[in-house]
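S.K.: Sharing work-v8.csv, CSV, C-alpha atoms:
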chain,number,residue,atom,x,y,z
A,707,MET,CA,8.2,-4.0,-9.9
A,708,GLN,CA,6.4,-1.4,-11.9
A,709,ILE,CA,7.3,2.2,-12.7
A,710,ASP,CA,4.5,4.7,-13.2
A,711,ARG,CA,4.4,7.0,-16.2
A,712,PRO,CA,6.2,10.2,-15.2
A,713,PHE,CA,4.4,12.8,-13.2
A,714,SER,CA,6.6,15.3,-15.0
A,715,GLN,CA,10.1,15.1,-16.3
A,716,GLY,CA,12.2,13.9,-13.4
A,717,ALA,CA,9.5,12.4,-11.1
A,718,GLN,CA,8.0,8.9,-10.9
A,719,LEU,CA,6.7,6.3,-8.5
A,720,LEU,CA,8.3,2.9,-8.3
A,721,HIS,CA,5.8,0.3,-7.1
A,722,LEU,CA,7.0,-2.9,-5.5
A,723,ARG,CA,5.1,-5.8,-3.9
A,724,SER,CA,7.3,-7.2,-1.2
A,725,LYS,CA,7.1,-10.9,-0.2
A,726,GLY,CA,7.6,-10.0,3.4
A,727,ARG,CA,10.6,-9.0,5.6
A,728,GLY,CA,13.8,-8.7,3.6
A,729,PHE,CA,15.8,-6.6,1.3
A,730,TYR,CA,14.7,-5.9,-2.3
A,731,GLN,CA,17.4,-4.5,-4.6
A,732,ILE,CA,16.0,-1.6,-6.7
A,733,THR,CA,19.3,-0.3,-8.2
A,734,SER,CA,18.5,-1.2,-11.8
A,735,ASN,CA,15.1,0.4,-11.5
A,736,VAL,CA,16.6,3.6,-10.2
A,737,ILE,CA,19.3,3.6,-13.0
A,738,ALA,CA,16.6,3.1,-15.6
A,739,PHE,CA,14.6,6.0,-14.2
A,740,VAL,CA,17.7,8.3,-14.2
A,741,ASN,CA,18.5,7.3,-17.8
A,742,ALA,CA,14.9,8.0,-19.0
A,743,THR,CA,15.1,11.6,-17.6
A,744,LYS,CA,18.0,12.5,-19.9
A,745,ILE,CA,19.4,14.6,-17.1
A,746,ASP,CA,23.2,14.6,-17.1
A,747,THR,CA,24.1,16.2,-13.8
A,748,GLY,CA,21.8,16.6,-10.8
A,749,LEU,CA,20.5,15.3,-7.5
A,750,LEU,CA,18.4,12.2,-7.2
A,751,THR,CA,16.0,11.9,-4.3
A,752,LEU,CA,14.4,8.6,-3.4
A,753,PHE,CA,11.6,8.6,-0.8
A,754,CYS,CA,9.8,5.6,0.7
A,755,ARG,CA,6.2,6.4,1.4
A,756,HIS,CA,5.8,4.1,4.4
A,757,THR,CA,6.4,3.9,8.1
A,758,SER,CA,7.3,0.2,8.2
A,759,ALA,CA,9.7,0.0,5.3
A,760,SER,CA,12.9,1.9,4.6
A,761,LEU,CA,15.7,2.5,2.1
A,762,LEU,CA,19.3,1.6,2.3
A,763,ILE,CA,22.5,1.9,0.3
A,764,THR,CA,24.7,-1.0,1.3
A,765,GLU,CA,27.0,-3.6,-0.1
A,766,ASN,CA,25.4,-5.6,-3.0
A,767,ALA,CA,28.1,-8.3,-3.4
A,768,ASP,CA,28.2,-10.4,-0.3
A,769,PRO,CA,24.7,-11.6,0.9
A,770,ASP,CA,26.1,-12.1,4.4
A,771,VAL,CA,26.0,-8.3,4.8
A,772,LEU,CA,22.2,-8.3,4.5
A,773,LYS,CA,22.0,-11.2,6.9
A,774,ASP,CA,24.1,-9.4,9.4
A,775,LEU,CA,22.1,-6.2,9.1
A,776,GLU,CA,18.9,-8.1,9.6
A,777,ALA,CA,20.3,-9.9,12.7
A,778,ALA,CA,21.6,-6.6,14.2
A,779,LEU,CA,18.2,-4.8,13.7
A,780,ALA,CA,16.4,-7.8,15.2
A,781,ARG,CA,18.5,-7.3,18.4
A,782,LEU,CA,17.8,-3.6,18.4
A,783,ALA,CA,14.0,-3.9,17.8
A,784,PRO,CA,12.9,-7.3,19.1
A,785,GLU,CA,9.3,-8.5,18.5
A,786,ASN,CA,8.9,-9.8,22.0
A,787,ALA,CA,9.3,-6.5,23.8
A,788,ARG,CA,6.3,-4.9,25.5
A,789,TYR,CA,5.3,-2.2,23.1
A,790,LEU,CA,2.3,0.0,23.7
A,791,HIS,CA,1.5,0.1,20.0
A,792,SER,CA,0.5,-3.5,19.2
A,793,ASN,CA,-2.8,-3.4,17.4
A,794,GLU,CA,-1.3,-4.2,14.0
A,795,GLY,CA,0.6,-7.3,15.1
A,796,ALA,CA,3.8,-8.2,16.9
A,797,ASP,CA,6.0,-7.1,13.9
A,798,ASP,CA,4.5,-3.6,13.5
A,799,MET,CA,6.1,-1.6,16.3
A,800,PRO,CA,9.5,-3.2,15.7
A,801,ALA,CA,9.0,-2.3,12.0
A,802,HIS,CA,8.5,1.4,13.0
A,803,ILE,CA,11.7,1.3,15.1
A,804,ARG,CA,13.7,-0.3,12.2
A,805,THR,CA,12.4,2.5,9.9
A,806,ALA,CA,13.4,5.1,12.5
A,807,LEU,CA,16.9,3.6,12.7
A,808,THR,CA,17.4,3.4,9.0
A,809,GLN,CA,16.0,6.0,6.6
A,810,THR,CA,13.0,6.8,4.4
A,811,HIS,CA,14.9,9.0,2.0
A,812,ILE,CA,18.2,9.0,0.2
A,813,SER,CA,19.9,11.7,-1.9
A,814,ILE,CA,22.4,10.6,-4.5
A,815,PRO,CA,24.4,12.9,-6.9
A,816,VAL,CA,24.0,12.1,-10.6
A,817,ILE,CA,27.0,12.6,-12.8
A,818,GLN,CA,27.1,11.7,-16.5
A,819,SER,CA,23.5,10.4,-16.3
A,820,MET,CA,24.4,7.8,-13.6
A,821,PRO,CA,23.8,7.7,-9.8
A,822,THR,CA,27.3,8.0,-8.3
A,823,LEU,CA,27.2,4.7,-6.4
A,824,GLY,CA,30.4,3.1,-5.3
A,825,ALA,CA,31.5,-0.2,-6.9
A,826,TRP,CA,30.0,-2.4,-4.2
A,827,GLN,CA,26.9,-0.2,-3.4
A,828,GLY,CA,23.3,-1.2,-4.2
A,829,ILE,CA,20.0,0.5,-3.4
A,830,PHE,CA,17.5,-1.5,-1.4
A,831,LEU,CA,14.0,-1.3,-0.2
A,832,TYR,CA,14.0,-2.9,3.3
A,833,GLU,CA,10.7,-4.4,4.1
A,834,HIS,CA,10.3,-4.7,7.9
A,835,ARG,CA,6.9,-6.5,8.1
A,836,HIS,CA,6.6,-10.3,7.9
A,837,PHE,CA,3.7,-10.3,5.3
A,838,PRO,CA,3.7,-9.0,1.7
A,839,HIS,CA,3.0,-5.3,1.3
A,840,ASP,CA,2.5,-3.0,-1.7
A,841,ARG,CA,5.2,-0.3,-1.4
A,842,GLU,CA,5.9,2.9,-3.3
A,843,ILE,CA,9.1,4.8,-3.7
A,844,ALA,CA,9.0,8.3,-5.1
A,845,MET,CA,11.9,9.0,-7.4
A,846,HIS,CA,12.8,12.7,-8.2
A,847,LEU,CA,15.7,14.0,-10.2
A,848,MET,CA,16.5,17.7,-10.5
A,849,GLY,CA,19.4,18.8,-12.7
A,850,GLN,CA,20.5,19.7,-16.2
A,851,SER,CA,21.0,18.0,-19.5
Please express the file's structure as structure tokens.

M.R.:
Amino acid sequence: MQIDRPFSQGAQLLHLRSKGRGFYQITSNVIAFVNATKIDTGLLTLFCRHTSASLLITENADPDVLKDLEAALARLAPENARYLHSNEGADDMPAHIRTALTQTHISIPVIQSMPTLGAWQGIFLYEHRHFPHDREIAMHLMGQS
């Protein structure tokens, strides 16, 4: 993962090369970004700039949670359905559905220069396509020092 030089204080792009479908924890990258801004109290927004990947806050302790999420979304958006949109491969339309069912942006309060995540929460990019993709997440923090 790579973080761009700041656009301005409080805004950066996080670049991630996925290895294909799965969950990629970005919590430490987000915390590093928040710490670099020197903002003590504010609101952090994360935005995934893609239509076949999304963002999640979910449990980061038990890997079975991620396996169960993947299995549930596979049932909700199967690849073998007869979708009209199919010119980018069998996994493309299900990826769009998965993105619509999850989220492309997250807002997290920042208190004492830390995102206010719960003890078991982690922030994940969720890649919905089978093949590797370059992904970008815009990170923006507004607040006060």

S.K.: Contacts of A:Ile732 at 7 Å or less, counting all atoms listed in the file, minus same-chain residues fewer than 6 places along, as a CSV table (one decimal) with C-alpha atoms, keeping the file's coordinate frame?

M.R.:
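This is the output file selection13.csv:
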chain,number,residue,atom,x,y,z
A,829,ILE,CA,20.0,0.5,-3.4
A,830,PHE,CA,17.5,-1.5,-1.4
A,831,LEU,CA,14.0,-1.3,-0.2

S.K.: For stretch 779-796 of chain A, find every residue with an atom within 10 Å (counting only C-alpha atoms), except residues of its own chain fewer than 3 positions away, and show them as JSON, numbers by chain.

M.R.: {"A": [774, 775, 776, 799, 800, 801, 802, 803, 804, 807, 808, 834, 835, 836]}

S.K.: Can you tell me, as a list in words, which residues sit within 8 Å of (19.1, 10.7, -8.4) in the file's frame, using all atoms listed in the file?

M.R.: Val736, Val740, Gly748, Leu749, Leu750, Thr751, Leu752, Ser813, Ile814, Pro815, Val816, Met820, Pro821, Met845, His846, Leu847 and Met848 of chain A

S.K.: List the spatial neighbours of A:Glu842 as a PyMOL selection string - criterion: any atom at most 6 Å away, all atoms listed in the file, same-chain residues fewer than 5 positions off excluded.

M.R.: chain A and resi 720-721+755

S.K.: Can you tell me how far atom CA of A:Ile843 sits from atom CA of A:Cys754, in Å to one decimal?

M.R.: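 Between atom CA of A:Ile843 and atom CA of A:Cys754 the gap is 4.5 Å.
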
S.K.: At what distance in Å, to one decimal, does atom CA of A:Gln718 lie from atom CA of A:His756?

M.R.: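 That distance, rounded to one decimal, is 16.2 Å.
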
S.K.: So which residues fall inside 10 Å of (15.8, -10.8, 1.3) if we count all atoms listed in the file? Mind giving them as a PyMOL selection string?

M.R.: chain A and resi 724-731+769+772-773+776+830-833
